[in-house]
Each structure stands twice: as structure tokens, then as C-alpha cells.
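Heads up, entry01.csv below (CSV, C-alpha atoms and all ligand atoms):
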```csv
chain,number,residue,atom,x,y,z
A,20,MET,CA,0.0,0.0,0.0
A,21,LYS,CA,1.3,3.4,-0.9
A,22,LEU,CA,1.1,6.4,1.5
A,23,LEU,CA,0.9,9.9,0.1
A,24,ILE,CA,0.8,13.4,1.6
A,25,ASP,CA,-2.3,15.4,0.7
A,26,ASP,CA,-0.7,18.9,0.9
A,27,ALA,CA,1.2,21.6,-1.0
A,28,ASN,CA,3.0,23.3,1.9
A,29,LEU,CA,6.7,22.7,1.4
A,30,ASP,CA,7.7,22.8,5.0
A,31,ALA,CA,4.9,20.3,5.9
A,32,ILE,CA,5.9,18.0,3.0
A,33,LYS,CA,9.6,18.2,4.1
A,34,ASP,CA,8.6,17.4,7.7
A,35,ILE,CA,6.5,14.4,6.8
A,36,VAL,CA,9.0,13.0,4.3
A,37,SER,CA,11.7,13.2,6.9
A,38,LEU,CA,9.7,11.2,9.5
A,39,TYR,CA,7.5,8.7,7.7
A,40,PRO,CA,7.7,6.2,4.8
A,41,VAL,CA,6.1,8.2,2.0
A,42,ASP,CA,5.5,7.4,-1.7
A,43,GLY,CA,4.4,10.8,-3.0
A,44,VAL,CA,2.2,13.9,-2.8
A,45,THR,CA,-1.3,14.6,-3.9
A,46,THR,CA,-2.7,18.1,-4.6
A,47,ASN,CA,-6.0,19.6,-5.7
A,48,PRO,CA,-7.0,23.1,-6.7
A,49,THR,CA,-8.1,23.9,-3.1
A,50,ILE,CA,-4.8,22.6,-1.6
A,51,LEU,CA,-2.8,24.7,-4.2
A,52,SER,CA,-4.9,27.8,-3.4
A,53,LYS,CA,-3.8,27.6,0.2
A,54,ALA,CA,-0.1,27.6,-0.8
A,55,GLY,CA,-0.5,31.2,-1.9
A,56,GLU,CA,1.9,30.9,-4.9
A,57,ASN,CA,1.6,30.5,-8.7
A,58,PRO,CA,0.4,26.8,-8.9
A,59,LYS,CA,2.9,26.0,-11.6
A,60,ASP,CA,5.8,27.3,-9.5
A,61,ARG,CA,4.5,25.5,-6.5
A,62,LEU,CA,4.1,22.2,-8.3
A,63,LEU,CA,7.7,22.4,-9.7
A,64,LYS,CA,9.0,23.1,-6.1
A,65,ILE,CA,7.1,20.0,-4.8
A,66,ARG,CA,8.6,17.9,-7.6
A,67,ASP,CA,12.0,19.2,-6.9
A,68,LEU,CA,11.6,18.6,-3.2
A,69,ILE,CA,10.3,15.0,-3.5
A,70,GLY,CA,12.5,14.0,-6.4
A,71,SER,CA,11.5,12.2,-9.6
A,72,ASP,CA,11.0,8.8,-8.0
A,73,LEU,CA,8.1,9.7,-5.9
A,74,ASP,CA,4.5,10.1,-7.2
A,75,LEU,CA,3.0,13.5,-7.7
A,76,HIS,CA,-0.7,13.8,-8.4
A,77,CYS,CA,-2.0,17.0,-9.9
A,78,GLN,CA,-5.6,17.9,-10.8
A,79,VAL,CA,-6.7,19.5,-14.0
A,80,VAL,CA,-9.0,22.6,-13.7
A,81,ALA,CA,-11.3,22.0,-16.7
A,82,SER,CA,-14.7,20.4,-17.3
A,83,LYS,CA,-14.7,19.9,-21.1
A,84,LYS,CA,-12.9,16.8,-22.5
A,85,GLU,CA,-10.6,18.7,-24.9
A,86,GLU,CA,-9.5,21.1,-22.2
A,87,ILE,CA,-8.9,18.3,-19.7
A,88,ILE,CA,-6.8,16.5,-22.2
A,89,ALA,CA,-4.8,19.6,-23.2
A,90,GLN,CA,-4.0,20.4,-19.5
A,91,ALA,CA,-3.1,16.8,-18.7
A,92,ARG,CA,-0.6,16.6,-21.5
A,93,LYS,CA,1.0,19.9,-20.4
A,94,LEU,CA,1.1,19.0,-16.7
A,95,VAL,CA,2.9,15.7,-17.5
A,96,LYS,CA,5.4,17.5,-19.6
A,97,LEU,CA,6.0,20.0,-16.8
A,98,LEU,CA,6.2,17.5,-13.9
A,99,GLY,CA,7.9,14.5,-15.6
A,100,ALA,CA,7.8,10.8,-14.8
A,101,ASN,CA,5.7,9.5,-11.9
A,102,THR,CA,3.1,12.2,-12.4
A,103,TYR,CA,-0.5,11.3,-12.1
A,104,ILE,CA,-3.2,13.5,-13.6
A,105,LYS,CA,-6.3,13.8,-11.4
A,106,ILE,CA,-9.5,14.0,-13.4
A,107,PRO,CA,-12.9,14.3,-11.8
A,108,ALA,CA,-14.9,11.1,-12.4
A,109,SER,CA,-17.9,12.4,-14.2
A,110,GLY,CA,-19.3,13.4,-17.5
A,111,GLU,CA,-16.6,14.4,-19.9
A,112,GLY,CA,-14.0,13.1,-17.5
A,113,PHE,CA,-14.5,9.5,-18.4
A,114,LYS,CA,-13.8,10.0,-22.1
A,115,ALA,CA,-10.8,12.1,-21.3
A,116,ILE,CA,-9.5,9.3,-19.0
A,117,GLU,CA,-10.0,6.8,-21.8
A,118,GLU,CA,-8.1,8.9,-24.4
A,119,LEU,CA,-5.2,9.9,-22.1
A,120,THR,CA,-4.8,6.4,-20.9
A,121,LYS,CA,-4.3,5.3,-24.5
A,122,GLU,CA,-1.5,7.9,-24.7
A,123,GLY,CA,0.2,6.3,-21.7
A,124,ILE,CA,-0.7,9.2,-19.3
A,125,LYS,CA,-1.4,7.9,-15.8
A,126,ILE,CA,-4.8,9.0,-14.4
A,127,THR,CA,-6.2,9.3,-10.9
A,128,ALA,CA,-10.0,9.6,-11.1
A,129,THR,CA,-11.0,11.9,-8.3
A,130,GLY,CA,-14.1,13.3,-6.6
A,131,ILE,CA,-15.5,9.8,-6.2
A,132,TYR,CA,-18.6,9.5,-4.0
A,133,SER,CA,-20.1,6.3,-5.3
A,134,PRO,CA,-19.0,2.8,-6.4
A,135,LEU,CA,-20.5,3.2,-9.8
A,136,GLN,CA,-18.5,6.3,-10.5
A,137,ALA,CA,-15.4,4.3,-9.6
A,138,PHE,CA,-16.5,1.4,-11.8
A,139,LEU,CA,-16.8,3.7,-14.9
A,140,ALA,CA,-13.4,5.4,-14.2
A,141,ALA,CA,-11.7,2.0,-13.8
A,142,LYS,CA,-13.3,0.8,-17.0
A,143,ALA,CA,-12.1,4.0,-18.8
A,144,GLY,CA,-8.5,3.0,-17.7
A,145,ALA,CA,-7.7,5.1,-14.6
A,146,LYS,CA,-4.8,3.9,-12.6
A,147,TYR,CA,-6.1,5.2,-9.3
A,148,LEU,CA,-9.6,5.9,-8.0
A,149,ALA,CA,-10.0,8.4,-5.2
A,150,PRO,CA,-13.0,8.0,-3.0
A,151,TYR,CA,-13.5,10.9,-0.5
A,152,VAL,CA,-14.0,8.9,2.7
A,153,ASN,CA,-14.7,11.7,5.1
A,154,ARG,CA,-16.7,13.8,2.7
A,155,ILE,CA,-19.0,10.8,2.1
A,156,ASP,CA,-19.4,10.4,5.8
A,157,ASN,CA,-20.3,14.0,6.1
A,158,LEU,CA,-23.2,13.4,3.7
A,159,GLY,CA,-24.6,10.9,6.1
A,160,TYR,CA,-23.3,7.8,4.1
A,161,ASP,CA,-20.5,5.5,5.0
A,162,GLY,CA,-17.2,6.4,3.3
A,163,LEU,CA,-15.4,3.3,4.4
A,164,ALA,CA,-18.3,1.0,3.2
A,165,VAL,CA,-18.3,2.8,-0.2
A,166,THR,CA,-14.5,2.3,-0.5
A,167,ARG,CA,-14.8,-1.4,0.4
A,168,LYS,CA,-17.5,-1.8,-2.3
A,169,ILE,CA,-15.1,-0.2,-4.8
A,170,GLN,CA,-12.4,-2.7,-3.8
A,171,ASN,CA,-14.9,-5.5,-4.4
A,172,ILE,CA,-15.7,-4.1,-7.9
A,173,LEU,CA,-12.0,-4.0,-8.7
A,174,GLU,CA,-11.4,-7.6,-7.6
A,175,ALA,CA,-14.6,-8.9,-9.3
A,176,ASN,CA,-13.8,-7.3,-12.6
A,177,ASP,CA,-10.0,-7.9,-12.5
A,178,PHE,CA,-9.5,-4.2,-13.2
A,179,GLU,CA,-5.9,-2.8,-13.1
A,180,ALA,CA,-7.1,0.3,-11.2
A,181,GLN,CA,-6.3,0.6,-7.6
A,182,ILE,CA,-7.9,2.7,-4.8
A,183,LEU,CA,-6.2,5.9,-3.7
A,184,ALA,CA,-8.5,6.7,-0.8
A,185,ALA,CA,-8.6,10.4,0.1
A,186,SER,CA,-10.3,12.8,2.5
A,187,PHE,CA,-9.5,11.4,5.9
A,188,LYS,CA,-10.1,13.0,9.2
A,189,ASN,CA,-9.0,10.4,11.7
A,190,SER,CA,-6.7,7.4,12.3
A,191,ASN,CA,-9.7,5.0,12.6
A,192,GLN,CA,-10.6,5.6,9.0
A,193,VAL,CA,-7.0,4.9,8.0
A,194,LEU,CA,-6.8,1.8,10.1
A,195,ASP,CA,-9.9,0.3,8.4
A,196,LEU,CA,-8.4,0.7,4.9
A,197,ALA,CA,-4.9,-0.4,6.0
A,198,GLU,CA,-6.6,-3.6,7.2
A,199,ARG,CA,-8.4,-4.0,3.9
A,200,GLY,CA,-5.1,-3.4,2.0
A,201,VAL,CA,-6.3,-0.9,-0.6
A,202,GLY,CA,-3.8,0.4,-3.1
A,203,ALA,CA,-3.0,3.8,-1.6
A,204,LEU,CA,-4.0,6.4,1.0
A,205,THR,CA,-3.4,10.1,0.9
A,206,LEU,CA,-3.3,11.9,4.2
A,207,SER,CA,-3.0,15.5,5.4
A,208,PRO,CA,0.1,16.2,7.5
A,209,ASP,CA,-2.2,16.4,10.6
A,210,VAL,CA,-3.7,13.0,10.0
A,211,PHE,CA,-0.3,11.6,9.3
A,212,LYS,CA,1.0,12.8,12.7
A,213,GLY,CA,-2.1,11.5,14.4
A,214,LEU,CA,-1.4,7.9,13.3
A,215,VAL,CA,1.2,7.4,16.1
A,216,ASN,CA,0.4,9.9,18.8
A,217,ASP,CA,0.6,8.0,22.0
A,218,ARG,CA,2.1,9.0,25.3
A,219,ASN,CA,2.7,5.4,26.1
A,220,VAL,CA,5.1,5.1,23.2
A,221,ASP,CA,7.0,8.2,24.3
A,222,PHE,CA,7.1,6.9,27.8
A,223,ALA,CA,8.5,3.5,26.7
A,224,ILE,CA,11.3,5.2,24.6
A,225,LYS,CA,12.2,7.5,27.5
A,226,THR,CA,12.3,4.5,29.9
A,227,PHE,CA,14.7,2.6,27.7
A,228,GLU,CA,17.0,5.6,27.5
A,229,ASP,CA,17.0,6.1,31.2
A,230,ASP,CA,17.6,2.4,31.9
A,231,PHE,CA,20.5,2.3,29.5
A,232,GLY,CA,21.9,5.5,31.1
A,233,ARG,CA,22.1,3.6,34.4
A,234,ILE,CA,24.7,1.2,33.0
A,235,LEU,CA,27.2,3.8,31.7
A,236,GLY,CA,26.0,7.1,33.1
A,237,GLU,CA,23.1,9.4,32.4
A,238,GLY,CA,22.6,10.3,28.7
A,239,GLN,CA,25.1,7.7,27.5
A,240,THR,CA,24.1,5.5,24.6
A,241,PHE,CA,25.7,3.1,22.2
A,242,SER,CA,27.0,6.1,20.3
A,243,ASP,CA,29.4,6.7,23.2
A,244,ILE,CA,30.9,3.2,23.2
A,245,LEU,CA,30.8,2.0,19.6
A,301,LIG,C1,-7.8,14.1,-2.9
A,301,LIG,O1,-7.9,13.6,-4.0
A,301,LIG,C2,-8.9,15.0,-2.4
A,301,LIG,O2,-8.8,16.2,-3.2
A,301,LIG,C3,-8.7,15.4,-1.0
A,301,LIG,O3,-8.1,14.4,-0.2
A,301,LIG,C4,-10.0,15.9,-0.3
A,301,LIG,O4,-9.8,16.0,1.1
A,301,LIG,P1,-10.7,16.9,2.0
A,301,LIG,O5,-12.0,16.3,2.0
A,301,LIG,O6,-10.0,16.9,3.3
A,301,LIG,O7,-10.7,18.3,1.3
```
Reformat the file's structure so that it appears as C-alpha cells.
Ligand code: E4P
Amino acid sequence: MKLLIDDANLDAIKDIVSLYPVDGVTTNPTILSKAGENPKDRLLKIRDLIGSDLDLHCQVVASKKEEIIAQARKLVKLLGANTYIKIPASGEGFKAIEELTKEGIKITATGIYSPLQAFLAAKAGAKYLAPYVNRIDNLGYDGLAVTRKIQNILEANDFEAQILAASFKNSNQVLDLAERGVGALTLSPDVFKGLVNDRNVDFAIKTFEDDFGRILGEGQTFSDIL
């Protein structure tokens, strides 16, 4: 399972990459608007920061097929290998996904609120499908149940597409999908940090250090004797 950072703040990305095993970054127009910089410049900075091996997902801002396709081609050219173009899974998006996939451009179908939306996007050739777990919950439905249904559809049809679940607000939502083994999750820096946020863990680490210090002297570690 891949883990991605859902953010465009350079300091936050740097911080999470330095602490956690991370496979890439996802953005959307709202996330980019919070960065307060020309989106092209910010995307290039993110690519530079994470390097060419990690995945970068960038969303088109267009609703007509031809414009979606034109933006997708330019964004891939700008951001290089391991770039995924996010296209909303509706209307003209499906046809754009089909065409761009034939050109070898990797697509993440986004804005997914229902299993049938995911089914159509997978059939069109998307590499990833992004159900919005928490936003679905906020509508009074069950975001995790929708995501599990999508996973069943992918397995039953032997689709190549994988889930890239998005819009998380807590660790419990993450745990459920980690258990299910979906393809990828994208998490905000706050949700990332909340995954392991336990005073018992801090206490255990401190106790080990204190106990070791009793052998050689306070604060001494293997670094002092190896
Ligand atoms: C990712 O594809 C989505 O754009 C994003 O995760 C939505 O998250 P939000 O519901 O926290 O805005």
C-alpha cells in the first residue's frame, strides 16, 4: 500500500517525508490555493523537493474533455515521470481518461462519492480511483463502506485500477483501509502525525534511554561506546 501526503505546503511535506515512509504527494486546486503561490511554480517546487522517483498527483481545472486532455498533456510534460493527472470522475472526465490512458498518461480519477463512479473510471482506464472517505461520511453515508465496495468491484472485474483513498479526518478511517489493503491512501500532515500519537510510546522510549543510562552514566548511549 502506498502512502501519500495530501498537501502543498513545502515545510509540511519536508517534515512528513523526513519522519514517515512516504510514496508521494497529492494536490488539488483547493490545496494549491492555500499555498499562496503561482500553482505552476509550487508544483515544480514540490517535484524538486520529493525528487523524480516519488509520485506527484496534480488535478486539471477543466470540465470539457478537450481542455482536460490539453491540460493533462502539459502537466505531465511539466512535472515529468511518476506524475498522475487527477481528473474528476464524471461526464466528460470518463472520455478524457480513456483517451489519455491510450497515450500512456497515468490518471487518478478523483471526486469519487459512489461505487459506480469508480466502476466507470476503472473501465475507462484510470490507474487510481480516489473515493473521498470523510466527505462521504459528512453526507450521512459510509465512506469506508463505499471504499470497500469499490475494492470488491475492482477484484470482481479484475481491473488494473487501484484505490487511492482520500479525505481522511482520523486514524480509525485509516486503520480500516490499511486492514483491507487498498492500493494507496493520501493523508493530510495532521492525520499523518495522528497515526502514532501515543504518550505510552513516548514513555516507553524514555524509559529505555533512562535504563541504558544507568549502565554507563546518564545520557550515555551506544554512540558513546561503539
Ligand atoms: C484528494 O484527492 C482530495 O482532493 C482530498 O483528499 C480531499 O480532502 P478533503 O475532504 O480533506 O478536502
request  = List all protein, DNA and RNA residues that have at least one atom no more than 6 Å from any atom of ligand LIG 301 (chain A), counting all atoms listed in the file, and write them as a ChimeraX atom specification.
outcome  = /A:25,47,129,149,154,185-186
Requested write-out: C-alpha atoms of the selected residues, as a PDB file, in the coordinates of the input:
```
ATOM      1  CA  ASP A  25      -2.300  15.400   0.700  1.00  0.00           C
ATOM      2  CA  ASN A  47      -6.000  19.600  -5.700  1.00  0.00           C
ATOM      3  CA  THR A 129     -11.000  11.900  -8.300  1.00  0.00           C
ATOM      4  CA  ALA A 149     -10.000   8.400  -5.200  1.00  0.00           C
ATOM      5  CA  ARG A 154     -16.700  13.800   2.700  1.00  0.00           C
ATOM      6  CA  ALA A 185      -8.600  10.400   0.100  1.00  0.00           C
ATOM      7  CA  SER A 186     -10.300  12.800   2.500  1.00  0.00           C
TER       8      SER A 186
END
```
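Reported to one decimal place, the separation of atom CA of Leu194 of chain A from atom CA of Asp217 of chain A is 15.3 Å.
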task = Mind giving me the straight-line distance from atom CA of Asp60 of chain A to atom CA of Gly144 of chain A in Å, one decimal?
result = 29.4 Å
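Our summary of the geometry notes that atom CA of Leu173 of chain A is positioned 16.8 Å from atom CA of Glu198 of chain A.
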remark   = One residue among A:Lys33, A:Arg92, A:Lys125, A:Arg61 is nearest to Asp74 of chain A when using all atoms listed in the file, and that residue is A:Lys125
Residues near Cys77 of chain A, cut-off 7 Å, only C-alpha atoms, skip fewer than 2 positions along chain, as a PyMOL selection string = chain A and resi 45-47+75+79+103-105
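Remark: for Lys64 of chain A, the closest of the candidate residues A:Ile182, A:Met20, A:Leu97, A:Ala164 is A:Leu97 (distances computed over all atoms listed in the file).
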